[in-house]
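This is my_file.cif. It holds mmCIF, C-alpha atoms and all ligand atoms.
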data_protein
#
loop_
_atom_site.label_atom_id
_atom_site.label_comp_id
_atom_site.auth_asym_id
_atom_site.auth_seq_id
_atom_site.Cartn_x
_atom_site.Cartn_y
_atom_site.Cartn_z
CA MET A 1 -11.32 9.23 -10.03
CA VAL A 2 -11.04 5.95 -8.23
CA SER A 3 -12.61 6.98 -4.95
CA SER A 4 -16.11 6.13 -6.05
CA ALA A 5 -15.05 3.00 -7.89
CA THR A 6 -16.88 -0.23 -7.41
CA VAL A 7 -14.98 -2.37 -4.89
CA TYR A 8 -14.70 -5.99 -5.95
CA LYS A 9 -14.10 -7.83 -2.70
CA ARG A 10 -15.76 -11.21 -2.69
CA LYS A 11 -14.04 -14.00 -4.58
CA PRO A 12 -16.60 -15.17 -7.14
CA SER A 13 -17.62 -18.77 -7.52
CA GLU A 14 -16.57 -20.45 -10.75
CA SER A 15 -19.95 -19.91 -12.37
CA GLU A 16 -19.71 -16.20 -11.51
CA GLN A 17 -16.18 -15.73 -12.97
CA PRO A 18 -16.37 -13.32 -15.90
CA ALA A 19 -15.76 -14.94 -19.25
CA ALA A 20 -12.68 -13.65 -21.05
CA SER A 21 -15.08 -12.16 -23.60
CA ASP A 22 -16.59 -9.92 -20.87
CA ARG A 23 -13.32 -8.16 -20.18
CA PRO A 24 -13.58 -5.52 -22.94
CA ALA A 25 -17.07 -4.53 -21.76
CA LEU A 26 -16.05 -4.46 -18.08
CA LEU A 27 -13.10 -2.29 -18.96
CA LEU A 28 -15.19 0.17 -20.99
CA ALA A 29 -17.86 0.37 -18.27
CA TRP A 30 -15.11 1.24 -15.77
CA TYR A 31 -13.62 3.81 -18.17
CA ASP A 32 -17.00 5.48 -18.69
CA ARG A 33 -17.16 6.13 -14.95
CA HIS A 34 -13.56 6.78 -14.02
CA ARG A 35 -11.70 8.15 -17.06
CA ARG A 36 -9.00 10.70 -16.19
CA LYS A 37 -9.51 14.30 -17.25
CA LEU A 38 -6.49 15.17 -19.38
CA PRO A 39 -5.93 18.38 -21.36
CA TRP A 40 -5.80 16.52 -24.70
CA ARG A 41 -8.95 14.45 -24.10
CA PRO A 42 -12.33 15.70 -25.30
CA PRO A 43 -15.41 15.26 -23.09
CA ALA A 44 -16.80 11.70 -23.00
CA GLY A 45 -18.52 10.70 -26.22
CA GLU A 46 -16.84 13.36 -28.38
CA ARG A 47 -14.32 12.47 -31.07
CA ALA A 48 -10.71 13.31 -30.23
CA ASP A 49 -8.89 15.88 -32.38
CA PRO A 50 -6.06 14.08 -34.26
CA TYR A 51 -3.76 17.11 -33.81
CA ARG A 52 -4.15 17.04 -30.02
CA VAL A 53 -3.77 13.27 -29.88
CA TRP A 54 -0.62 13.38 -31.98
CA LEU A 55 0.92 16.31 -30.04
CA SER A 56 0.22 14.68 -26.68
CA GLU A 57 1.49 11.26 -27.77
CA ILE A 58 4.78 12.72 -29.02
CA MET A 59 5.22 14.71 -25.79
CA LEU A 60 4.33 11.70 -23.63
CA GLN A 61 7.10 9.53 -25.10
CA GLN A 62 9.51 8.96 -22.18
CA THR A 63 7.81 11.78 -20.23
CA GLY A 64 5.07 11.77 -17.57
CA VAL A 65 1.60 13.32 -17.76
CA LYS A 66 2.36 15.96 -15.08
CA THR A 67 5.40 17.27 -16.94
CA VAL A 68 3.69 17.20 -20.32
CA ALA A 69 0.42 18.96 -19.39
CA PRO A 70 1.78 22.56 -19.16
CA TYR A 71 3.87 22.10 -22.34
CA PHE A 72 0.81 20.79 -24.17
CA GLU A 73 -1.26 23.82 -23.11
CA LYS A 74 1.57 26.18 -24.12
CA PHE A 75 1.92 24.60 -27.57
CA LEU A 76 -1.81 24.58 -28.14
CA ALA A 77 -2.17 28.24 -27.16
CA ARG A 78 0.59 29.23 -29.59
CA TRP A 79 -0.14 26.76 -32.40
CA PRO A 80 -3.81 25.73 -32.17
CA ASP A 81 -3.71 23.43 -35.21
CA VAL A 82 -1.26 21.52 -37.34
CA GLY A 83 -1.29 24.26 -39.99
CA ALA A 84 -0.07 26.84 -37.49
CA LEU A 85 2.66 24.51 -36.23
CA GLY A 86 3.70 23.69 -39.79
CA ARG A 87 4.23 27.39 -40.50
CA ALA A 88 6.35 27.96 -37.35
CA SER A 89 10.15 27.96 -37.50
CA GLN A 90 12.03 24.96 -36.12
CA ASP A 91 13.92 27.31 -33.78
CA ASP A 92 10.66 28.51 -32.21
CA VAL A 93 9.46 24.94 -31.75
CA LEU A 94 12.76 23.92 -30.12
CA ARG A 95 12.58 26.94 -27.82
CA MET A 96 9.08 26.03 -26.68
CA TRP A 97 10.18 22.41 -26.23
CA ALA A 98 13.21 23.29 -24.09
CA GLY A 99 13.09 21.36 -20.82
CA LEU A 100 11.03 18.41 -22.12
CA GLY A 101 14.14 16.45 -23.19
CA TYR A 102 14.71 14.00 -26.07
CA TYR A 103 14.94 16.88 -28.51
CA SER A 104 14.84 14.81 -31.67
CA ARG A 105 11.12 14.57 -30.86
CA ALA A 106 10.76 18.34 -31.27
CA ARG A 107 12.58 18.37 -34.61
CA ASN A 108 10.44 15.49 -35.87
CA LEU A 109 7.31 17.16 -34.51
CA HIS A 110 8.01 20.19 -36.64
CA ALA A 111 8.97 18.12 -39.70
CA CYS A 112 5.77 16.10 -39.31
CA ALA A 113 3.58 19.21 -39.11
CA VAL A 114 5.26 20.60 -42.25
CA LYS A 115 4.62 17.31 -44.10
CA VAL A 116 0.97 17.08 -43.00
CA VAL A 117 0.43 20.62 -44.29
CA ARG A 118 2.34 20.22 -47.57
CA GLU A 119 1.41 16.67 -48.53
CA HIS A 120 -1.90 16.00 -46.80
CA GLY A 121 -3.62 19.39 -46.99
CA GLY A 122 -3.37 19.85 -43.21
CA VAL A 123 -5.32 16.65 -42.45
CA PHE A 124 -3.70 13.72 -40.62
CA PRO A 125 -3.94 10.35 -42.40
CA ASP A 126 -6.44 8.09 -40.61
CA SER A 127 -4.65 4.74 -41.05
CA GLU A 128 -1.69 3.30 -39.18
CA ALA A 129 0.26 2.90 -42.43
CA GLY A 130 -0.39 6.51 -43.45
CA LEU A 131 0.61 7.79 -40.02
CA ARG A 132 3.80 5.72 -39.95
CA ALA A 133 4.99 7.41 -43.10
CA LEU A 134 5.23 10.70 -41.17
CA PRO A 135 8.40 11.85 -39.36
CA GLY A 136 8.66 10.85 -35.70
CA ILE A 137 5.68 8.48 -35.79
CA GLY A 138 6.69 4.89 -34.98
CA PRO A 139 4.48 1.80 -34.61
CA TYR A 140 3.26 2.68 -31.11
CA THR A 141 2.38 6.30 -31.87
CA ALA A 142 0.70 5.36 -35.16
CA ALA A 143 -1.47 2.80 -33.35
CA ALA A 144 -2.28 5.30 -30.57
CA ILE A 145 -3.41 8.01 -33.02
CA ALA A 146 -5.28 5.53 -35.24
CA ALA A 147 -7.14 4.11 -32.22
CA ILE A 148 -7.76 7.26 -30.20
CA ALA A 149 -8.48 9.74 -32.99
CA PHE A 150 -10.04 7.40 -35.57
CA ASP A 151 -11.24 4.34 -33.56
CA ARG A 152 -9.25 2.00 -35.83
CA ARG A 153 -9.25 -1.49 -34.29
CA THR A 154 -5.68 -1.52 -33.06
CA MET A 155 -4.19 -1.52 -29.58
CA PRO A 156 -1.21 0.75 -28.87
CA VAL A 157 0.81 -0.92 -26.10
CA ASP A 158 2.65 1.50 -23.80
CA GLY A 159 4.34 0.80 -20.45
CA ASN A 160 1.06 0.99 -18.53
CA ILE A 161 -0.67 -1.45 -20.84
CA GLU A 162 2.32 -3.81 -20.77
CA ARG A 163 2.06 -3.93 -16.99
CA VAL A 164 -1.71 -4.54 -16.86
CA VAL A 165 -1.68 -7.20 -19.58
CA SER A 166 1.38 -9.04 -18.30
CA ARG A 167 -0.30 -9.31 -14.87
CA LEU A 168 -3.71 -10.21 -16.20
CA PHE A 169 -2.28 -13.17 -18.13
CA ALA A 170 0.84 -13.76 -15.96
CA VAL A 171 3.17 -13.41 -18.96
CA GLU A 172 6.38 -15.17 -17.91
CA ALA A 173 8.55 -14.13 -20.85
CA PRO A 174 10.64 -11.05 -20.04
CA LEU A 175 10.46 -7.74 -21.86
CA PRO A 176 11.36 -6.83 -24.53
CA GLN A 177 10.94 -10.37 -26.00
CA ALA A 178 7.41 -10.58 -24.61
CA LYS A 179 6.22 -7.54 -26.59
CA PRO A 180 4.58 -9.41 -29.52
CA LEU A 181 2.73 -11.73 -27.12
CA ILE A 182 1.57 -8.81 -24.96
CA GLN A 183 0.44 -7.02 -28.11
CA GLN A 184 -1.72 -10.03 -29.10
CA LEU A 185 -3.20 -10.37 -25.62
CA ALA A 186 -3.89 -6.64 -25.36
CA ALA A 187 -5.78 -6.74 -28.68
CA MET A 188 -8.22 -9.17 -27.04
CA LEU A 189 -9.32 -6.30 -24.79
CA LEU A 190 -10.54 -4.08 -27.63
CA GLY A 191 -14.21 -3.29 -27.12
CA THR A 192 -17.20 -2.06 -29.09
CA SER A 193 -20.48 -0.31 -28.44
CA ARG A 194 -23.50 -2.40 -29.23
CA ALA A 195 -26.70 -1.17 -30.82
CA GLY A 196 -28.56 0.77 -28.20
CA ASP A 197 -25.42 2.10 -26.52
CA ASP A 198 -24.93 5.85 -26.72
CA LYS A 199 -21.92 5.44 -28.98
CA ALA A 200 -23.37 2.97 -31.46
CA ARG A 201 -24.94 3.87 -34.73
CA ALA A 202 -28.41 2.35 -35.07
CA GLY A 203 -28.23 -1.35 -35.70
CA ASP A 204 -24.49 -1.90 -35.73
CA GLU A 205 -21.46 -2.30 -33.50
CA LYS A 206 -19.04 0.54 -33.41
CA SER A 207 -15.36 0.27 -32.52
CA ARG A 208 -14.39 1.87 -29.25
CA ALA A 209 -10.73 1.03 -29.76
CA GLY A 210 -9.62 4.47 -28.57
CA ASP A 211 -11.58 4.19 -25.34
CA SER A 212 -10.32 0.63 -24.75
CA ALA A 213 -6.72 1.76 -25.15
CA GLN A 214 -7.19 4.79 -22.93
CA ALA A 215 -9.03 2.65 -20.37
CA LEU A 216 -6.02 0.35 -20.09
CA MET A 217 -3.66 3.33 -19.91
CA ASP A 218 -5.76 4.85 -17.09
CA LEU A 219 -6.03 1.53 -15.29
CA GLY A 220 -2.24 1.16 -15.38
CA ALA A 221 -1.69 4.74 -14.24
CA SER A 222 -4.20 4.81 -11.39
CA ILE A 223 -4.90 1.24 -10.20
CA CYS A 224 -2.52 -1.34 -11.67
CA THR A 225 0.49 0.68 -10.50
CA PRO A 226 4.05 -0.73 -10.44
CA LYS A 227 4.00 -1.06 -6.63
CA LYS A 228 1.00 -2.07 -4.53
CA PRO A 229 -1.68 -2.22 -7.26
CA ALA A 230 -5.17 -1.49 -5.92
CA CYS A 231 -6.63 -4.78 -7.15
CA ALA A 232 -9.77 -4.40 -5.02
CA LEU A 233 -10.80 -1.48 -7.25
CA CYS A 234 -9.87 -3.13 -10.54
CA PRO A 235 -12.70 -4.04 -12.92
CA LEU A 236 -10.66 -7.00 -14.23
CA ASN A 237 -9.62 -8.48 -10.90
CA GLU A 238 -11.83 -11.56 -11.04
CA GLY A 239 -10.00 -12.95 -14.02
CA CYS A 240 -6.51 -11.63 -13.26
CA THR A 241 -3.98 -14.45 -12.88
CA ALA A 242 -1.35 -12.44 -11.02
CA HIS A 243 -3.95 -11.08 -8.60
CA LEU A 244 -5.32 -14.54 -7.89
CA ARG A 245 -1.77 -15.81 -7.25
CA GLY A 246 -0.80 -12.70 -5.27
CA ASP A 247 2.42 -12.08 -7.22
CA GLN A 248 1.38 -8.95 -9.17
CA GLU A 249 4.58 -6.99 -8.56
CA ILE A 250 6.87 -9.46 -10.33
CA PHE A 251 5.20 -8.52 -13.65
CA PRO A 252 6.15 -7.43 -16.19
CA ARG A 253 9.26 -9.58 -16.11
CA LYS A 254 12.27 -7.67 -17.41
CA LEU A 255 15.79 -8.49 -18.50
CA ALA A 256 18.42 -6.60 -16.50
CA LYS A 257 19.21 -3.25 -18.17
CA LYS A 258 22.70 -2.45 -19.34
CA THR A 259 23.60 1.18 -18.76
CA GLY A 260 26.43 2.77 -20.66
CA ALA A 261 29.73 3.72 -19.07
CA LEU A 262 30.01 7.08 -17.34
CA ARG A 263 31.15 9.82 -19.71
CA ARG A 264 32.97 12.92 -18.57
CA GLY A 265 33.65 16.31 -20.05
CA ALA A 266 34.22 19.99 -19.38
CA ALA A 267 31.84 22.92 -19.87
CA PHE A 268 32.93 26.54 -20.11
CA VAL A 269 30.67 29.22 -18.64
CA VAL A 270 32.01 32.52 -19.94
CA THR A 271 30.42 35.87 -19.09
CA ARG A 272 30.92 39.28 -20.63
CA GLY A 273 29.14 41.68 -18.30
CA LEU A 274 25.53 40.46 -18.36
CA ASP A 275 26.03 38.24 -21.43
CA LEU A 276 26.83 34.53 -21.68
CA LEU A 277 28.81 32.77 -24.43
CA VAL A 278 26.78 30.05 -26.21
CA ARG A 279 26.75 28.01 -29.40
CA THR A 280 24.35 25.69 -31.21
CA ARG A 281 24.90 21.94 -31.21
CA PRO A 282 25.10 20.18 -34.60
CA GLU A 283 21.69 19.37 -36.13
CA LYS A 284 22.24 15.60 -36.04
CA GLY A 285 22.87 13.58 -32.91
CA LEU A 286 22.24 13.96 -29.21
CA LEU A 287 20.51 17.26 -28.30
CA GLY A 288 20.79 18.22 -31.99
CA GLY A 289 20.14 21.89 -32.76
CA MET A 290 19.95 22.84 -29.08
CA THR A 291 21.84 25.69 -27.44
CA GLU A 292 24.79 24.96 -25.14
CA VAL A 293 27.77 26.62 -23.53
CA PRO A 294 31.03 25.64 -25.23
CA GLY A 295 32.46 22.39 -23.94
CA SER A 296 34.78 19.46 -24.58
CA ASP A 297 33.83 16.07 -26.04
CA TRP A 298 31.98 13.77 -23.64
CA LEU A 299 34.03 10.61 -23.36
CA ALA A 300 34.32 7.60 -21.09
CA GLY A 301 37.54 8.12 -19.15
CA GLN A 302 37.89 11.74 -20.31
CA ASP A 303 41.05 13.27 -18.94
CA ASP A 304 40.55 16.67 -17.21
CA LYS A 305 43.62 18.22 -18.83
CA ALA A 306 42.64 17.05 -22.31
CA ALA A 307 39.12 18.43 -21.74
CA LEU A 308 40.50 21.80 -20.62
CA ARG A 309 42.54 22.04 -23.82
CA GLN A 310 39.22 22.24 -25.71
CA ALA A 311 38.32 25.55 -24.01
CA PRO A 312 37.23 28.29 -26.44
CA GLY A 313 40.03 30.62 -27.51
CA LEU A 314 39.17 34.01 -25.98
CA LYS A 315 41.25 37.14 -25.73
CA GLY A 316 42.10 38.02 -22.15
CA VAL A 317 41.44 34.61 -20.58
CA VAL A 318 44.68 33.48 -19.04
CA ARG A 319 43.25 31.25 -16.38
CA TRP A 320 40.05 29.24 -16.14
CA HIS A 321 38.45 29.03 -12.73
CA ARG A 322 37.33 25.49 -11.92
CA LYS A 323 34.08 25.39 -9.95
CA ALA A 324 33.94 22.99 -7.03
CA GLY A 325 31.82 19.87 -7.63
CA VAL A 326 30.50 18.51 -10.92
CA VAL A 327 27.22 18.64 -12.81
CA THR A 328 25.68 15.20 -13.32
CA HIS A 329 23.01 14.19 -15.80
CA VAL A 330 21.65 10.83 -16.90
CA PHE A 331 20.87 10.32 -20.58
CA THR A 332 19.07 7.18 -21.78
CA HIS A 333 22.30 5.43 -22.74
CA PHE A 334 24.87 6.90 -20.40
CA PRO A 335 25.39 9.02 -17.31
CA LEU A 336 27.40 12.23 -17.72
CA GLU A 337 29.61 14.21 -15.38
CA LEU A 338 30.69 17.73 -16.34
CA VAL A 339 33.46 19.76 -14.74
CA VAL A 340 32.54 23.44 -15.04
CA TYR A 341 35.10 26.17 -15.73
CA THR A 342 34.24 29.84 -15.61
CA ALA A 343 35.84 33.03 -16.91
CA ARG A 344 34.90 36.70 -17.24
CA VAL A 345 36.01 38.66 -20.24
CA ALA A 346 36.15 42.37 -20.96
CA ALA A 347 33.34 44.31 -22.61
CA ARG A 348 33.49 44.12 -26.42
CA THR A 349 35.39 40.81 -26.41
CA ARG A 350 34.38 39.09 -29.64
CA ALA A 351 32.79 35.65 -29.54
CA PRO A 352 34.91 32.94 -31.21
CA GLN A 353 33.68 31.69 -34.58
CA GLY A 354 30.42 29.73 -34.36
CA MET A 355 29.55 31.18 -30.95
CA CYS A 356 27.64 34.24 -29.81
CA TRP A 357 26.76 36.28 -26.74
CA VAL A 358 23.25 36.17 -25.36
CA PRO A 359 21.89 38.23 -22.46
CA ILE A 360 21.66 36.09 -19.31
CA ALA A 361 18.26 37.67 -18.67
CA THR A 362 16.84 36.04 -21.84
CA LEU A 363 18.18 32.51 -21.26
CA GLN A 364 14.73 31.30 -20.24
CA GLY A 365 13.63 31.66 -23.85
CA GLU A 366 16.65 29.81 -25.31
CA ALA A 367 16.45 26.19 -26.48
CA LEU A 368 18.64 24.99 -23.61
CA PRO A 369 18.42 21.32 -22.63
CA ASN A 370 18.19 20.52 -18.92
CA VAL A 371 21.82 19.45 -18.69
CA MET A 372 22.84 22.92 -19.91
CA ARG A 373 20.44 24.72 -17.57
CA LYS A 374 22.08 22.85 -14.68
CA THR A 375 25.56 23.61 -16.01
CA ILE A 376 24.88 27.33 -16.41
CA ALA A 377 23.26 27.57 -12.96
CA HIS A 378 26.32 25.86 -11.49
CA GLY A 379 28.73 28.10 -13.38
CA LEU A 380 26.90 31.31 -12.50
CA GLY A 381 26.54 30.20 -8.88
CA HIS A 382 22.72 30.28 -8.91
S1 LIG B 1 -6.31 -7.23 -10.63
FE1 LIG B 1 -4.60 -6.10 -9.87
S2 LIG B 1 -2.82 -6.91 -10.95
FE2 LIG B 1 -4.65 -7.58 -12.05
S3 LIG B 1 -4.93 -6.06 -13.66
FE3 LIG B 1 -6.18 -5.43 -11.94
S4 LIG B 1 -4.88 -4.05 -10.70
FE4 LIG B 1 -3.57 -5.17 -12.14
#
In structure tokens, how does this file's structure come out?
Ligand code: SF4
Amino acid sequence: MVSSATVYKRKPSESEQPAASDRPALLLAWYDRHRRKLPWRPPAGERADPYRVWLSEIMLQQTGVKTVAPYFEKFLARWPDVGALGRASQDDVLRMWAGLGYYSRARNLHACAVKVVREHGGVFPDSEAGLRALPGIGPYTAAAIAAIAFDRRTMPVDGNIERVVSRLFAVEAPLPQAKPLIQQLAAMLLGTSRAGDDKARAGDEKSRAGDSAQALMDLGASICTPKKPACALCPLNEGCTAHLRGDQEIFPRKLAKKTGALRRGAAFVVTRGLDLLVRTRPEKGLLGGMTEVPGSDWLAGQDDKAALRQAPGLKGVVRWHRKAGVVTHVFTHFPLELVVYTARVAARTRAPQGMCWVPIATLQGEALPNVMRKTIAHGLGH
């Protein structure tokens, strides 16, 4: 919580300015008082469980803490350790993941659990190199797990940390080119416990890399926010270049993003009594292995008539009813617009090859991506 945070108001004289070497200790002292309570974090001073760290880090890729928390709890209740997850079916994992988006993460999550069980005896490797050899674990995630679960001296740099560090040192180079520089600067904030501290073993210094990384993440999430950072509450404000200049919000500098062209397509919402016609997307590619209603290709400049010609061949459907409006969805690389067609078919109508009927009442449990949930709701008039 930041409410009880120390407020740093007075501008210090030069002799009072904290040395750069004090920053790691200031940051850790702040973290010890104000760390966020998150479902995957153990109580202060306890070692984090690698399984929980890994699961949360995969879920948090491109997704916020609020969205992830209930999914994390759900996964943990069903699969309390990596062994249990490794024995689950990929379909079950995808079903539980439905709604979190970026579904290749769920397939890799399952593949990773299987590999940890089969090749590592159910124990996560404790080095960055070992972790990077696992499916779905890139450089950032490997560093995050190595630091948080094993206190390896490495700094995982996420969006929050990029923002804090680029302001602290007024990094003028834009992202993504500035990443290696930010990585180097962030590593200077890694802290240790000294002998006598609670966390130190007698007579030596002990890495608190995990706490340093989480401190920066928390600082970025709660104080060094994209707009109007609360610099008065920040433990690093006395040595922060952007704060001293008053131009915090221009950092991190970014190159203008190129978004892909709008793609269009058609989706076909077909009901048979209380059943809906669905199919499974191919394993590889966007939304791989997820459930969808049949549809056309998604193309830039898709022609409505050409899209309609890709409707599933069903006995008894002579005319498709076009719903007013379109369903829109934004993927990372392109925005999508879907025209939705509906049809009702008679009882006992057979599903075309590669498709099947599922009861509408059980759709909640299907591995439907958000774009399909919106499409079905639109088609069924919910
Ligand atoms: S002083 Fe302000 S801009 Fe600088 S790191 Fe702290 S919150 Fe961010």
Inset, instruction - Tell me which of A:Glu238, A:Glu366, A:Asp275, A:Asp49 sits closest to ligand LIG 1 (chain B), counting all atoms listed in the file. - result: A:Glu238
Legend entry - Expected answer as number ranges by chain: residues within 8 Å of ligand LIG 1 (chain B), only C-alpha atoms and all ligand atoms: A: 163-165, 167-168, 219-220, 223-225, 229-244, 248-249
Would you output that residue set with C-alpha atoms, as a short mmCIF file (atom, residue, chain, number, x, y, z; two decimals), in the frame of the given file?
data_model
loop_
_atom_site.label_atom_id
_atom_site.label_comp_id
_atom_site.auth_asym_id
_atom_site.auth_seq_id
_atom_site.Cartn_x
_atom_site.Cartn_y
_atom_site.Cartn_z
CA ARG A 163 2.06 -3.93 -16.99
CA VAL A 164 -1.71 -4.54 -16.86
CA VAL A 165 -1.68 -7.20 -19.58
CA ARG A 167 -0.30 -9.31 -14.87
CA LEU A 168 -3.71 -10.21 -16.20
CA LEU A 219 -6.03 1.53 -15.29
CA GLY A 220 -2.24 1.16 -15.38
CA ILE A 223 -4.90 1.24 -10.20
CA CYS A 224 -2.52 -1.34 -11.67
CA THR A 225 0.49 0.68 -10.50
CA PRO A 229 -1.68 -2.22 -7.26
CA ALA A 230 -5.17 -1.49 -5.92
CA CYS A 231 -6.63 -4.78 -7.15
CA ALA A 232 -9.77 -4.40 -5.02
CA LEU A 233 -10.80 -1.48 -7.25
CA CYS A 234 -9.87 -3.13 -10.54
CA PRO A 235 -12.70 -4.04 -12.92
CA LEU A 236 -10.66 -7.00 -14.23
CA ASN A 237 -9.62 -8.48 -10.90
CA GLU A 238 -11.83 -11.56 -11.04
CA GLY A 239 -10.00 -12.95 -14.02
CA CYS A 240 -6.51 -11.63 -13.26
CA THR A 241 -3.98 -14.45 -12.88
CA ALA A 242 -1.35 -12.44 -11.02
CA HIS A 243 -3.95 -11.08 -8.60
CA LEU A 244 -5.32 -14.54 -7.89
CA GLN A 248 1.38 -8.95 -9.17
CA GLU A 249 4.58 -6.99 -8.56
#
Legend entry - Spatial neighbours of Ala186 (chain A), 8 Å, only C-alpha atoms, chain gap at least 3 places, as a list in words: Met155, Val157, Ile161, Val165, Ile182, Gln183, Leu189 and Leu190 of chain A
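Between CA of Ala261 (chain A) and CA of Gly285 (chain A) the interatomic distance comes to 18.3 Å.
CA of Asp297 (chain A) lies 15.3 Å from CA of Lys284 (chain A).
Put simply, CA of Ala133 (chain A) is 13.8 Å away from CA of Trp54 (chain A).
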Legend entry - Non-local contacts of region 337-343 of chain A (7 Å; only C-alpha atoms; under 4 positions in same chain excluded) as a ChimeraX atom specification: /A:263-271,317,320-323,326-329,379
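By all atoms listed in the file, and with residues fewer than 4 positions from Leu286 (chain A) along its chain excluded, the set lying at most 10 Å from it is Tyr102, Tyr103, Ser104, Arg281, Pro282, Met290 and Phe331 of chain A.
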Inset, instruction - Excluding Glu119 (chain A) and residues on its chain fewer than 6 positions from it, collect all residues at most 12 Å away from it, counting all atoms listed in the file, and give them as number ranges by chain. - result: A: 83, 86, 111-113, 125, 130, 133-134
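If you measure from each of A:Leu38, A:Tyr31, A:Asp303, A:Pro50 to Lys66 (chain A) using all atoms listed in the file, the closest one turns out to be A:Leu38.
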Residues within 12 Å of (33.8, 40.6, -18.7), counting all atoms listed in the file, listed as a short mmCIF file (atom, residue, chain, number, x, y, z; two decimals) with C-alpha atoms, keeping the file's coordinate frame:
data_model
loop_
_atom_site.label_atom_id
_atom_site.label_comp_id
_atom_site.auth_asym_id
_atom_site.auth_seq_id
_atom_site.Cartn_x
_atom_site.Cartn_y
_atom_site.Cartn_z
CA VAL A 269 30.67 29.22 -18.64
CA VAL A 270 32.01 32.52 -19.94
CA THR A 271 30.42 35.87 -19.09
CA ARG A 272 30.92 39.28 -20.63
CA GLY A 273 29.14 41.68 -18.30
CA LEU A 274 25.53 40.46 -18.36
CA ASP A 275 26.03 38.24 -21.43
CA LEU A 276 26.83 34.53 -21.68
CA LEU A 277 28.81 32.77 -24.43
CA LEU A 314 39.17 34.01 -25.98
CA LYS A 315 41.25 37.14 -25.73
CA GLY A 316 42.10 38.02 -22.15
CA VAL A 317 41.44 34.61 -20.58
CA THR A 342 34.24 29.84 -15.61
CA ALA A 343 35.84 33.03 -16.91
CA ARG A 344 34.90 36.70 -17.24
CA VAL A 345 36.01 38.66 -20.24
CA ALA A 346 36.15 42.37 -20.96
CA ALA A 347 33.34 44.31 -22.61
CA ARG A 348 33.49 44.12 -26.42
CA THR A 349 35.39 40.81 -26.41
CA ARG A 350 34.38 39.09 -29.64
CA ALA A 351 32.79 35.65 -29.54
CA TRP A 357 26.76 36.28 -26.74
#
